[in-house]
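Note: the block below is start19.cif and it holds mmCIF, C-alpha atoms and all ligand atoms.
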```cif
data_entry
#
loop_
_atom_site.label_atom_id
_atom_site.label_comp_id
_atom_site.auth_asym_id
_atom_site.auth_seq_id
_atom_site.Cartn_x
_atom_site.Cartn_y
_atom_site.Cartn_z
CA MET A 20 -18.79 -8.14 -14.76
CA ASP A 21 -20.02 -7.39 -11.24
CA VAL A 22 -17.22 -6.73 -8.75
CA LEU A 23 -16.98 -6.85 -4.92
CA VAL A 24 -14.24 -4.80 -3.23
CA ILE A 25 -13.25 -5.91 0.28
CA GLY A 26 -12.04 -3.24 2.70
CA GLY A 27 -12.98 0.22 3.82
CA GLY A 28 -10.02 2.53 3.43
CA GLY A 29 -8.57 5.01 0.97
CA ARG A 30 -6.98 2.34 -1.19
CA GLU A 31 -10.31 0.58 -1.62
CA HIS A 32 -12.12 3.83 -2.43
CA ALA A 33 -9.46 4.64 -5.06
CA LEU A 34 -9.72 1.16 -6.59
CA ALA A 35 -13.52 1.38 -6.59
CA LEU A 36 -13.43 4.79 -8.29
CA ALA A 37 -11.27 3.33 -11.06
CA LEU A 38 -13.60 0.32 -11.34
CA SER A 39 -16.65 2.62 -11.46
CA ARG A 40 -15.10 4.38 -14.49
CA ASP A 41 -14.43 1.04 -16.23
CA PRO A 42 -17.05 0.24 -18.90
CA GLU A 43 -16.59 -3.51 -18.30
CA VAL A 44 -17.82 -3.24 -14.71
CA GLY A 45 -21.52 -3.76 -14.06
CA ASP A 46 -22.66 -3.62 -10.45
CA LEU A 47 -20.00 -2.53 -7.99
CA HIS A 48 -20.21 -3.72 -4.38
CA ALA A 49 -18.00 -3.01 -1.36
CA ALA A 50 -17.80 -4.53 2.08
CA PRO A 51 -17.68 -3.14 4.66
CA GLY A 52 -16.89 0.05 2.72
CA ASN A 53 -17.02 3.65 3.93
CA PRO A 54 -19.06 6.76 3.08
CA GLY A 55 -16.84 7.52 0.07
CA LEU A 56 -17.23 4.01 -1.29
CA ALA A 57 -20.98 4.34 -0.79
CA GLN A 58 -20.98 7.02 -3.53
CA VAL A 59 -19.80 4.47 -6.14
CA ALA A 60 -20.70 1.04 -4.75
CA THR A 61 -23.46 -0.78 -2.88
CA LEU A 62 -22.20 -1.43 0.64
CA HIS A 63 -22.63 -4.68 2.57
CA PRO A 64 -21.68 -5.37 6.16
CA VAL A 65 -19.09 -8.11 6.56
CA ASP A 66 -16.32 -9.15 8.91
CA ALA A 67 -13.51 -8.84 6.37
CA LEU A 68 -11.30 -11.07 8.52
CA ASP A 69 -13.78 -13.98 8.29
CA PRO A 70 -12.96 -15.89 5.08
CA ASP A 71 -16.24 -17.83 4.99
CA ALA A 72 -18.31 -14.69 5.57
CA VAL A 73 -16.60 -12.94 2.64
CA ALA A 74 -16.97 -16.01 0.41
CA ASP A 75 -20.67 -16.31 1.35
CA LEU A 76 -21.23 -12.65 0.46
CA ALA A 77 -19.40 -13.01 -2.88
CA ALA A 78 -21.44 -16.11 -3.73
CA SER A 79 -24.76 -14.49 -2.75
CA LEU A 80 -23.99 -11.46 -4.92
CA ALA A 81 -22.84 -13.75 -7.77
CA VAL A 82 -19.98 -11.37 -8.60
CA GLY A 83 -17.44 -12.23 -11.28
CA LEU A 84 -14.49 -10.83 -9.33
CA VAL A 85 -13.57 -10.13 -5.70
CA VAL A 86 -10.82 -7.57 -5.06
CA VAL A 87 -9.27 -7.76 -1.58
CA GLY A 88 -7.68 -4.44 -0.57
CA PRO A 89 -6.01 -4.77 2.84
CA GLU A 90 -3.37 -7.22 4.02
CA ALA A 91 -5.11 -8.58 7.12
CA PRO A 92 -7.93 -10.40 5.23
CA LEU A 93 -5.35 -11.87 2.84
CA VAL A 94 -3.21 -13.16 5.69
CA ALA A 95 -6.41 -14.57 7.24
CA GLY A 96 -7.14 -16.59 4.07
CA VAL A 97 -9.96 -14.62 2.45
CA ALA A 98 -8.60 -15.16 -1.08
CA ASP A 99 -8.34 -18.93 -0.44
CA ALA A 100 -11.98 -19.11 0.68
CA VAL A 101 -13.30 -17.06 -2.24
CA THR A 102 -11.26 -19.01 -4.78
CA ALA A 103 -12.47 -22.29 -3.27
CA ARG A 104 -16.03 -21.26 -4.27
CA GLY A 105 -14.88 -20.90 -7.86
CA ILE A 106 -15.02 -17.09 -7.77
CA PRO A 107 -11.98 -15.27 -9.21
CA CYS A 108 -10.25 -13.33 -6.43
CA PHE A 109 -7.63 -10.62 -6.82
CA GLY A 110 -5.18 -11.06 -3.95
CA PRO A 111 -2.76 -13.76 -2.83
CA SER A 112 -3.48 -16.90 -0.84
CA ALA A 113 -2.64 -16.82 2.87
CA ALA A 114 0.51 -18.81 2.12
CA ALA A 115 1.67 -16.26 -0.46
CA ALA A 116 0.59 -13.25 1.65
CA ARG A 117 3.28 -14.31 4.16
CA LEU A 118 5.59 -12.20 1.98
CA GLU A 119 4.00 -9.30 3.86
CA GLY A 120 2.79 -11.11 6.98
CA SER A 121 6.29 -12.11 8.10
CA LYS A 122 9.33 -9.97 7.44
CA ALA A 123 11.57 -12.94 8.30
CA PHE A 124 9.80 -15.06 5.65
CA ALA A 125 10.21 -12.26 3.09
CA LYS A 126 13.95 -12.15 3.86
CA GLU A 127 14.19 -15.92 3.39
CA VAL A 128 12.44 -15.75 -0.01
CA MET A 129 14.60 -12.84 -1.12
CA ALA A 130 17.77 -14.71 -0.14
CA ALA A 131 16.64 -17.81 -2.07
CA ALA A 132 15.68 -15.69 -5.11
CA GLY A 133 18.85 -13.58 -5.05
CA VAL A 134 16.85 -10.37 -4.58
CA PRO A 135 18.94 -7.41 -3.30
CA THR A 136 17.82 -6.28 0.17
CA ALA A 137 19.23 -5.01 3.46
CA GLY A 138 21.20 -7.53 5.49
CA ALA A 139 19.07 -8.66 8.43
CA HIS A 140 19.27 -10.47 11.77
CA VAL A 141 16.14 -12.26 12.97
CA CYS A 142 16.23 -12.12 16.79
CA THR A 143 14.14 -13.88 19.42
CA THR A 144 15.94 -12.81 22.63
CA PRO A 145 17.09 -9.41 23.99
CA ALA A 146 20.68 -10.66 23.90
CA GLU A 147 20.36 -11.43 20.20
CA VAL A 148 18.92 -7.95 19.61
CA GLU A 149 21.87 -6.35 21.45
CA ALA A 150 24.34 -8.36 19.39
CA ALA A 151 22.56 -7.48 16.15
CA LEU A 152 22.57 -3.74 17.02
CA ASP A 153 26.31 -3.97 17.70
CA ALA A 154 26.84 -5.73 14.38
CA THR A 155 24.87 -3.24 12.24
CA GLY A 156 25.78 -0.06 14.12
CA ALA A 157 23.76 3.20 13.96
CA PRO A 158 21.41 4.25 12.46
CA TYR A 159 19.51 1.29 13.87
CA VAL A 160 16.58 -0.27 12.00
CA VAL A 161 14.33 -2.41 14.21
CA LYS A 162 11.20 -4.13 12.86
CA ASP A 163 8.40 -6.17 14.31
CA ASP A 164 8.31 -9.44 12.34
CA GLY A 165 4.51 -9.42 11.98
CA LEU A 166 1.85 -7.05 10.63
CA ALA A 167 1.84 -3.67 12.36
CA ALA A 168 -0.11 -1.36 10.01
CA GLY A 169 2.97 0.61 8.98
CA LYS A 170 3.98 1.33 12.56
CA GLY A 171 6.19 -1.68 13.31
CA VAL A 172 9.45 -0.05 12.22
CA VAL A 173 11.74 2.30 14.13
CA VAL A 174 14.78 3.90 12.50
CA THR A 175 16.90 5.72 15.09
CA GLU A 176 20.40 6.79 16.09
CA ASP A 177 19.43 6.16 19.72
CA ARG A 178 20.37 2.67 20.91
CA ASP A 179 18.00 2.84 23.89
CA GLU A 180 15.08 3.71 21.60
CA ALA A 181 16.03 0.80 19.35
CA LEU A 182 16.10 -1.55 22.35
CA ALA A 183 12.79 -0.20 23.65
CA HIS A 184 11.08 -0.80 20.28
CA ALA A 185 12.51 -4.33 20.15
CA ALA A 186 11.12 -5.01 23.63
CA ALA A 187 7.67 -3.77 22.53
CA CYS A 188 7.52 -5.99 19.42
CA SER A 189 4.90 -8.73 19.49
CA GLY A 190 7.02 -11.56 18.16
CA ALA A 191 10.40 -11.98 16.53
CA VAL A 192 12.43 -8.82 15.95
CA VAL A 193 14.23 -8.09 12.68
CA VAL A 194 17.31 -5.85 12.98
CA GLU A 195 18.46 -4.56 9.60
CA GLU A 196 21.30 -2.78 7.93
CA PHE A 197 20.35 0.90 7.33
CA LEU A 198 19.60 1.76 3.69
CA ASP A 199 20.21 5.32 2.55
CA GLY A 200 18.86 6.96 -0.60
CA PRO A 201 15.41 7.89 -1.90
CA GLU A 202 12.54 5.44 -1.56
CA VAL A 203 10.36 4.29 -4.43
CA SER A 204 7.21 2.15 -4.41
CA LEU A 205 6.96 -0.11 -7.44
CA PHE A 206 3.95 -2.40 -7.76
CA GLY A 207 3.77 -5.54 -9.86
CA LEU A 208 0.51 -7.11 -10.95
CA CYS A 209 1.02 -10.88 -10.76
CA ASP A 210 -0.93 -13.99 -11.76
CA GLY A 211 1.40 -16.55 -10.19
CA THR A 212 3.71 -16.64 -13.21
CA THR A 213 3.65 -13.35 -15.12
CA VAL A 214 4.47 -9.91 -13.69
CA ARG A 215 3.33 -6.57 -15.11
CA PRO A 216 4.84 -3.50 -13.38
CA LEU A 217 2.86 -0.34 -12.73
CA GLN A 218 4.39 3.14 -12.83
CA PRO A 219 6.67 4.04 -9.86
CA ALA A 220 5.29 6.26 -7.10
CA GLN A 221 6.74 7.85 -4.01
CA ASP A 222 5.13 7.76 -0.60
CA PHE A 223 5.85 10.18 2.27
CA LYS A 224 6.05 7.90 5.32
CA ARG A 225 6.96 10.32 8.08
CA ALA A 226 4.25 12.26 9.90
CA LEU A 227 5.75 15.75 9.65
CA ASP A 228 7.14 18.13 7.04
CA GLY A 229 10.77 17.58 6.11
CA ASP A 230 10.46 13.83 6.79
CA ALA A 231 10.47 14.48 10.54
CA GLY A 232 8.40 12.66 13.14
CA PRO A 233 7.35 9.03 13.41
CA ASN A 234 6.61 6.60 10.57
CA THR A 235 2.99 6.44 9.47
CA GLY A 236 1.00 4.42 6.96
CA GLY A 237 1.78 7.21 4.46
CA MET A 238 0.94 10.94 4.48
CA GLY A 239 0.91 11.56 0.73
CA ALA A 240 2.23 10.35 -2.60
CA TYR A 241 2.93 11.33 -6.17
CA SER A 242 3.64 9.70 -9.49
CA PRO A 243 5.45 9.50 -11.88
CA LEU A 244 9.01 10.06 -10.64
CA ASP A 245 10.76 11.95 -13.39
CA TRP A 246 14.03 11.87 -11.44
CA ALA A 247 14.15 8.07 -11.27
CA PRO A 248 16.56 6.22 -13.62
CA ALA A 249 14.92 5.43 -16.97
CA ASP A 250 15.63 1.71 -16.61
CA LEU A 251 14.37 1.42 -13.02
CA VAL A 252 11.12 -0.36 -13.85
CA ASP A 253 12.85 -2.89 -16.13
CA GLU A 254 15.65 -3.47 -13.63
CA VAL A 255 13.31 -4.00 -10.68
CA THR A 256 11.05 -6.27 -12.71
CA ARG A 257 14.07 -8.37 -13.73
CA THR A 258 15.94 -8.41 -10.39
CA VAL A 259 13.13 -8.19 -7.80
CA LEU A 260 9.57 -8.84 -8.96
CA GLN A 261 10.04 -11.71 -11.42
CA PRO A 262 12.59 -13.65 -9.30
CA THR A 263 10.28 -13.37 -6.28
CA VAL A 264 7.26 -14.61 -8.25
CA ASP A 265 9.39 -17.45 -9.65
CA GLU A 266 10.60 -18.42 -6.17
CA MET A 267 7.07 -18.41 -4.75
CA ALA A 268 5.89 -20.64 -7.63
CA ARG A 269 8.84 -22.98 -7.07
CA ARG A 270 7.77 -23.34 -3.43
CA GLY A 271 4.27 -24.36 -4.48
CA THR A 272 2.73 -21.12 -3.15
CA PRO A 273 2.38 -19.02 -6.31
CA PHE A 274 1.88 -15.31 -5.75
CA SER A 275 -1.08 -13.72 -7.51
CA GLY A 276 -2.38 -10.25 -6.80
CA LEU A 277 -0.24 -7.22 -6.20
CA LEU A 278 3.40 -7.50 -5.17
CA TYR A 279 4.45 -4.20 -3.62
CA ALA A 280 8.19 -3.60 -3.69
CA GLY A 281 9.26 -0.83 -1.33
CA LEU A 282 12.71 0.09 -2.64
CA ALA A 283 15.65 2.21 -1.56
CA LEU A 284 17.81 3.59 -4.38
CA THR A 285 21.09 3.42 -2.46
CA SER A 286 24.54 4.46 -3.58
CA ARG A 287 25.27 0.74 -4.00
CA GLY A 288 22.18 0.04 -6.11
CA VAL A 289 18.51 -0.80 -5.66
CA ARG A 290 17.60 -2.64 -2.45
CA VAL A 291 14.21 -3.94 -1.27
CA VAL A 292 13.11 -2.27 1.96
CA GLU A 293 9.92 -4.29 2.27
CA PHE A 294 7.40 -6.37 0.39
CA ASN A 295 3.67 -5.96 0.76
CA ALA A 296 1.07 -8.30 -0.66
CA ARG A 297 -1.46 -5.63 -1.68
CA PHE A 298 -1.75 -2.20 -3.23
CA GLY A 299 -0.06 0.60 -1.27
CA ASP A 300 -2.04 3.28 0.45
CA PRO A 301 -1.85 6.19 -0.52
CA GLU A 302 0.21 5.32 -3.65
CA THR A 303 -2.86 3.62 -5.17
CA GLN A 304 -4.72 6.94 -5.07
CA VAL A 305 -2.22 8.54 -7.48
CA LEU A 306 -1.79 5.47 -9.69
CA MET A 307 -5.56 5.06 -10.15
CA ALA A 308 -5.85 8.77 -10.99
CA LEU A 309 -3.52 8.14 -13.95
CA LEU A 310 -4.41 4.59 -15.03
CA ASP A 311 -5.58 4.43 -18.62
CA SER A 312 -6.24 0.66 -18.84
CA PRO A 313 -9.53 -0.93 -17.77
CA LEU A 314 -8.72 -2.01 -14.21
CA SER A 315 -11.19 -4.91 -14.08
CA GLU A 316 -9.52 -6.69 -17.01
CA LEU A 317 -6.10 -6.52 -15.35
CA LEU A 318 -7.32 -7.65 -11.92
CA HIS A 319 -9.45 -10.45 -13.38
CA ALA A 320 -6.49 -11.63 -15.46
CA CYS A 321 -4.33 -11.76 -12.31
CA ALA A 322 -7.00 -13.80 -10.54
CA THR A 323 -7.36 -16.28 -13.40
CA GLY A 324 -3.74 -16.75 -14.54
CA ARG A 325 -4.21 -14.91 -17.84
CA LEU A 326 -2.08 -11.82 -17.31
CA ALA A 327 0.25 -12.61 -20.23
CA GLY A 328 -2.76 -12.46 -22.56
CA VAL A 329 -4.03 -8.94 -21.78
CA ALA A 330 -2.60 -5.55 -22.69
CA PRO A 331 -0.05 -4.33 -20.11
CA PRO A 332 -1.16 -1.49 -17.82
CA SER A 333 -0.79 1.95 -19.34
CA PHE A 334 -0.88 5.38 -17.74
CA ARG A 335 -1.89 8.80 -18.97
CA ALA A 336 0.74 11.52 -19.43
CA GLY A 337 0.98 14.05 -16.63
CA ALA A 338 1.17 13.44 -12.90
CA ALA A 339 -0.96 12.93 -9.81
CA VAL A 340 -0.52 13.99 -6.19
CA THR A 341 -2.41 12.92 -3.08
CA VAL A 342 -2.28 14.62 0.32
CA VAL A 343 -3.55 12.78 3.41
CA LEU A 344 -5.60 14.60 6.03
CA ALA A 345 -5.12 12.80 9.36
CA SER A 346 -7.00 13.15 12.62
CA ARG A 347 -5.66 14.53 15.87
CA GLY A 348 -3.02 12.31 17.48
CA TYR A 349 -2.11 10.26 14.40
CA PRO A 350 -0.03 8.07 14.23
CA ALA A 351 0.26 7.40 17.98
CA SER A 352 -3.55 7.52 18.33
CA SER A 353 -6.50 8.86 16.38
CA SER A 354 -9.65 10.86 16.95
CA SER A 355 -13.16 9.87 15.92
CA GLY A 356 -16.37 11.85 15.58
CA ASP A 357 -14.86 15.20 14.49
CA VAL A 358 -17.25 16.77 11.98
CA ILE A 359 -15.72 17.19 8.51
CA THR A 360 -16.79 20.16 6.40
CA GLY A 361 -16.01 21.00 2.80
CA ALA A 362 -15.40 17.46 1.48
CA ASP A 363 -18.07 18.00 -1.17
CA ALA A 364 -16.97 21.54 -2.00
CA VAL A 365 -13.52 20.93 -3.46
CA PRO A 366 -12.57 22.37 -6.86
CA ALA A 367 -13.58 20.35 -9.95
CA GLY A 368 -11.12 17.61 -10.82
CA VAL A 369 -10.11 16.90 -7.21
CA ASP A 370 -11.04 13.48 -5.84
CA VAL A 371 -11.69 13.33 -2.11
CA ILE A 372 -10.81 9.73 -1.28
CA HIS A 373 -12.29 8.53 2.01
CA ALA A 374 -10.01 6.55 4.32
CA GLY A 375 -11.25 6.86 7.92
CA THR A 376 -14.68 8.45 7.76
CA ALA A 377 -18.19 7.63 8.99
CA THR A 378 -21.64 9.15 8.68
CA THR A 379 -23.62 9.99 11.82
CA PRO A 380 -27.37 9.31 12.12
CA ASP A 381 -27.82 13.08 11.51
CA GLY A 382 -26.01 12.74 8.20
CA ASP A 383 -22.78 14.45 9.25
CA LEU A 384 -19.52 13.18 7.81
CA VAL A 385 -17.11 12.59 10.70
CA THR A 386 -13.60 11.26 11.30
CA ALA A 387 -13.30 7.55 12.09
CA GLY A 388 -9.62 6.74 12.06
CA GLY A 389 -6.08 8.05 11.83
CA ARG A 390 -5.88 8.74 8.12
CA VAL A 391 -9.20 10.40 7.28
CA LEU A 392 -9.12 11.61 3.67
CA ALA A 393 -6.67 11.48 0.77
CA VAL A 394 -7.17 14.54 -1.42
CA THR A 395 -6.07 13.58 -4.91
CA ALA A 396 -5.61 15.46 -8.17
CA ALA A 397 -4.03 14.88 -11.56
CA GLY A 398 -2.44 17.56 -13.72
CA GLY A 399 -0.10 18.17 -16.59
CA SER A 400 2.91 18.15 -14.26
CA VAL A 401 3.68 17.25 -10.65
CA ALA A 402 3.58 20.96 -9.80
CA ALA A 403 0.14 21.41 -11.37
CA ALA A 404 -1.25 18.28 -9.70
CA ARG A 405 0.23 19.41 -6.39
CA GLU A 406 -1.38 22.82 -6.65
CA ALA A 407 -4.78 21.27 -7.39
CA ALA A 408 -4.51 18.75 -4.53
CA TYR A 409 -3.59 21.45 -2.01
CA ALA A 410 -6.46 23.63 -3.28
CA GLY A 411 -8.69 20.67 -2.36
CA VAL A 412 -7.06 20.37 1.06
CA ALA A 413 -7.67 24.07 1.71
CA ALA A 414 -11.41 23.58 1.16
CA ILE A 415 -11.74 20.87 3.85
CA SER A 416 -11.60 21.22 7.61
CA PHE A 417 -12.27 19.30 10.80
CA PRO A 418 -11.10 19.79 14.40
CA GLY A 419 -7.57 18.49 14.88
CA ALA A 420 -6.92 17.99 11.16
CA GLN A 421 -3.24 17.61 10.27
CA HIS A 422 -1.47 17.22 6.97
CA ARG A 423 1.99 17.65 5.50
CA THR A 424 2.52 20.81 3.48
CA ASP A 425 5.50 19.47 1.51
CA ILE A 426 4.08 16.47 -0.38
CA ALA A 427 5.76 16.39 -3.82
CA ALA A 428 7.26 19.85 -3.17
CA GLY A 429 10.07 20.78 -5.54
CA ARG A 430 9.49 17.72 -7.75
P1 LIG B 501 8.71 -1.11 6.34
O1 LIG B 501 7.46 -1.30 7.15
O2 LIG B 501 9.65 -2.25 6.38
O3 LIG B 501 8.42 -0.59 5.00
O4 LIG B 501 9.44 0.16 6.95
C1 LIG B 501 8.79 1.41 7.01
C2 LIG B 501 9.76 2.52 6.70
O5 LIG B 501 10.90 2.47 7.58
C3 LIG B 501 10.36 2.43 5.31
O6 LIG B 501 9.54 2.98 4.33
C4 LIG B 501 11.63 3.21 5.49
O7 LIG B 501 11.38 4.60 5.45
C5 LIG B 501 12.05 2.84 6.86
N1 LIG B 501 12.97 1.70 6.78
C6 LIG B 501 12.66 0.39 6.82
N2 LIG B 501 13.74 -0.40 6.67
C7 LIG B 501 14.78 0.44 6.52
C8 LIG B 501 16.18 0.24 6.33
N3 LIG B 501 16.72 -0.99 6.28
N4 LIG B 501 16.96 1.33 6.21
C9 LIG B 501 16.42 2.58 6.27
N5 LIG B 501 15.12 2.83 6.45
C10 LIG B 501 14.30 1.79 6.58
N1 LIG B 502 2.10 3.45 1.76
C1 LIG B 502 2.73 2.37 2.40
C2 LIG B 502 1.97 1.13 2.39
O1 LIG B 502 0.92 1.01 1.80
O2 LIG B 502 2.42 0.19 3.03
#
```

Since I need it in another form, could you write the structure as structure tokens?
Ligand code: AMP
Ligand code: GLY
Amino acid sequence: MDVLVIGGGGREHALALALSRDPEVGDLHAAPGNPGLAQVATLHPVDALDPDAVADLAASLAVGLVVVGPEAPLVAGVADAVTARGIPCFGPSAAAARLEGSKAFAKEVMAAAGVPTAGAHVCTTPAEVEAALDATGAPYVVKDDGLAAGKGVVVTEDRDEALAHAAACSGAVVVEEFLDGPEVSLFGLCDGTTVRPLQPAQDFKRALDGDAGPNTGGMGAYSPLDWAPADLVDEVTRTVLQPTVDEMARRGTPFSGLLYAGLALTSRGVRVVEFNARFGDPETQVLMALLDSPLSELLHACATGRLAGVAPPSFRAGAAVTVVLASRGYPASSSSGDVITGADAVPAGVDVIHAGTATTPDGDLVTAGGRVLAVTAAGGSVAAAREAAYAGVAAISFPGAQHRTDIAAGR
């Protein structure tokens, strides 16, 4: 089966690497891709936010499967357009992608499905925001209702900062009850009816060591989580993933693709922090490093409603760790054009996943975004994988490079 991957970040490079190692995959294409993807796939230019352009490309390549990586094309209706051409597409319809595209919609679905989540106030005026902050108390959690690339959320003890973030939000503002406890990312493959959970992972959202600094798209990840309760996956499948998929089907907007449950393991039980409608980045990097199943079969089954009929995803023993190298200024800004050295000189067994990179006409690899590379390694334990990933990080440099030194430390 020939496969087209849509997107050009670290998640898409990690998915493409797994697809390139899958014996069922013939030609692998990516659009628009990045220099890392170019090592495993044929790249094609496309406006990933233009559903007809993506569908035209998929039809002209006659692929058997399109895999949409990022949320923005899904919310724009790319999966609808591809599916309308009769081409199987991994990723939800625009209507189902609203689970990520609108936090208020996600709250409504969770309430209807009885899914445990933080209490929330959806506010449209400053007065409503003030009242909601008074009702929840500190720490304050203030979220932009719409897509904000991981930067729409502020968690703060400072009421003025909470008010300032609310004022800067583009649309409705969601003020939430604060959830304490460790966070876990659990992904469910879905075909509209059936859910198959992947292995839990943990993402490091804050920019700086010790979970200090602003929220980012994610600065590193590891999997599995040997400290997590043994029944976590079963419990979350039963109380979160399956009820959500059932509720979406009941509404006539079945969810197929990947349902990302961002969870807090609070003292009062598991609560959903957020839903996303696509694979997490950088959690995908560690999950793909450990996946034992042929990825194309699972994704194709999701796209064609046959997930119950294929073997559930399985993972190799051991662990994987990924460490993100970000460019100067991230997450407030980013720096482009800094020359990257050492990306092809990492120790054997380390995967250098490209997120925000470009190649100059002279052939130099340069930065082209906030998160630049995700240096990923597997090992017999989290500690061994961590050591290998950081050995890879040590081999790479570019001006302004920043990374956390405590990803998966002490796990
Ligand atoms: P979100 O975009 O909703 O995932 O939020 C990004 C990050 O903000 C989460 O991963 C949490 O670290 C933090 N966060 C979001 N909502 C809450 C909450 N209700 N309580 C505590 N932290 C939160
Ligand atoms: N790593 C967080 C996300 O993908 O949203």

Per residue of stretch 289-362 of chain A within 6 Å of stretch 119-128 of chain A, record the nearest atom pair and its distance in Å to one decimal, counting all atoms listed in the file, with rows in chain order and ascending residue number, as CSV.
```
residue,atom,partner,partner_atom,distance
A:Phe294,CA,A:Glu119,CA,5.7
A:Asn295,CA,A:Glu119,CA,4.6
A:Ala296,CA,A:Glu119,CA,5.5
```

Q.
Is it possible to get the residues within 8 Å of (4.4, -15.7, -9.4) (coordinates as in the file, counting all atoms listed in the file) written as a list in words?
A. Cys209, Asp210, Gly211, Thr212, Thr213, Val214, Gln261, Thr263, Val264, Asp265, Glu266, Met267, Ala268, Pro273, Phe274 and Ser275 of chain A

What are the centre and edge lengths in Å, to one decimal, of the axis-aligned box around all listed atoms of ligand LIG 502 (chain B) with 3 Å added on each side, as JSON?
```
{"center_x": 1.8, "center_y": 1.8, "center_z": 2.4, "size_x": 7.8, "size_y": 9.3, "size_z": 7.3}
```

Q: Go through A:Ala103, A:Val343, A:Val174, A:Ala33 and flag the residue nearest ligand LIG 501 (chain B), using only C-alpha atoms and all ligand atoms for the distances.
A: A:Val174

**Q.** Protein and nucleic acid residues within 9 Å of ligand LIG 502 (chain B) (only C-alpha atoms and all ligand atoms) as a ChimeraX atom specification
**A.** /A:30,168-169,204,221-224,235-240,279,281,293-295,297-303

Would you export the selected residues with C-alpha atoms as a CSV table (one decimal), keeping the file's coordinate frame, please?
```csv
chain,number,residue,atom,x,y,z
A,30,ARG,CA,-7.0,2.3,-1.2
A,168,ALA,CA,-0.1,-1.4,10.0
A,169,GLY,CA,3.0,0.6,9.0
A,204,SER,CA,7.2,2.2,-4.4
A,221,GLN,CA,6.7,7.8,-4.0
A,222,ASP,CA,5.1,7.8,-0.6
A,223,PHE,CA,5.8,10.2,2.3
A,224,LYS,CA,6.0,7.9,5.3
A,235,THR,CA,3.0,6.4,9.5
A,236,GLY,CA,1.0,4.4,7.0
A,237,GLY,CA,1.8,7.2,4.5
A,238,MET,CA,0.9,10.9,4.5
A,239,GLY,CA,0.9,11.6,0.7
A,240,ALA,CA,2.2,10.4,-2.6
A,279,TYR,CA,4.4,-4.2,-3.6
A,281,GLY,CA,9.3,-0.8,-1.3
A,293,GLU,CA,9.9,-4.3,2.3
A,294,PHE,CA,7.4,-6.4,0.4
A,295,ASN,CA,3.7,-6.0,0.8
A,297,ARG,CA,-1.5,-5.6,-1.7
A,298,PHE,CA,-1.8,-2.2,-3.2
A,299,GLY,CA,-0.1,0.6,-1.3
A,300,ASP,CA,-2.0,3.3,0.4
A,301,PRO,CA,-1.8,6.2,-0.5
A,302,GLU,CA,0.2,5.3,-3.6
A,303,THR,CA,-2.9,3.6,-5.2
```

Q.
Env of stretch 410-418 of chain A: 10 Å cut, atoms = all atoms listed in the file, seq-sep filter 6 positions within chain, self excluded. Answer as an MDAnalysis selection string.
A. chainID A and resid 341:347 354 356:371 384:386 392:396 404 424
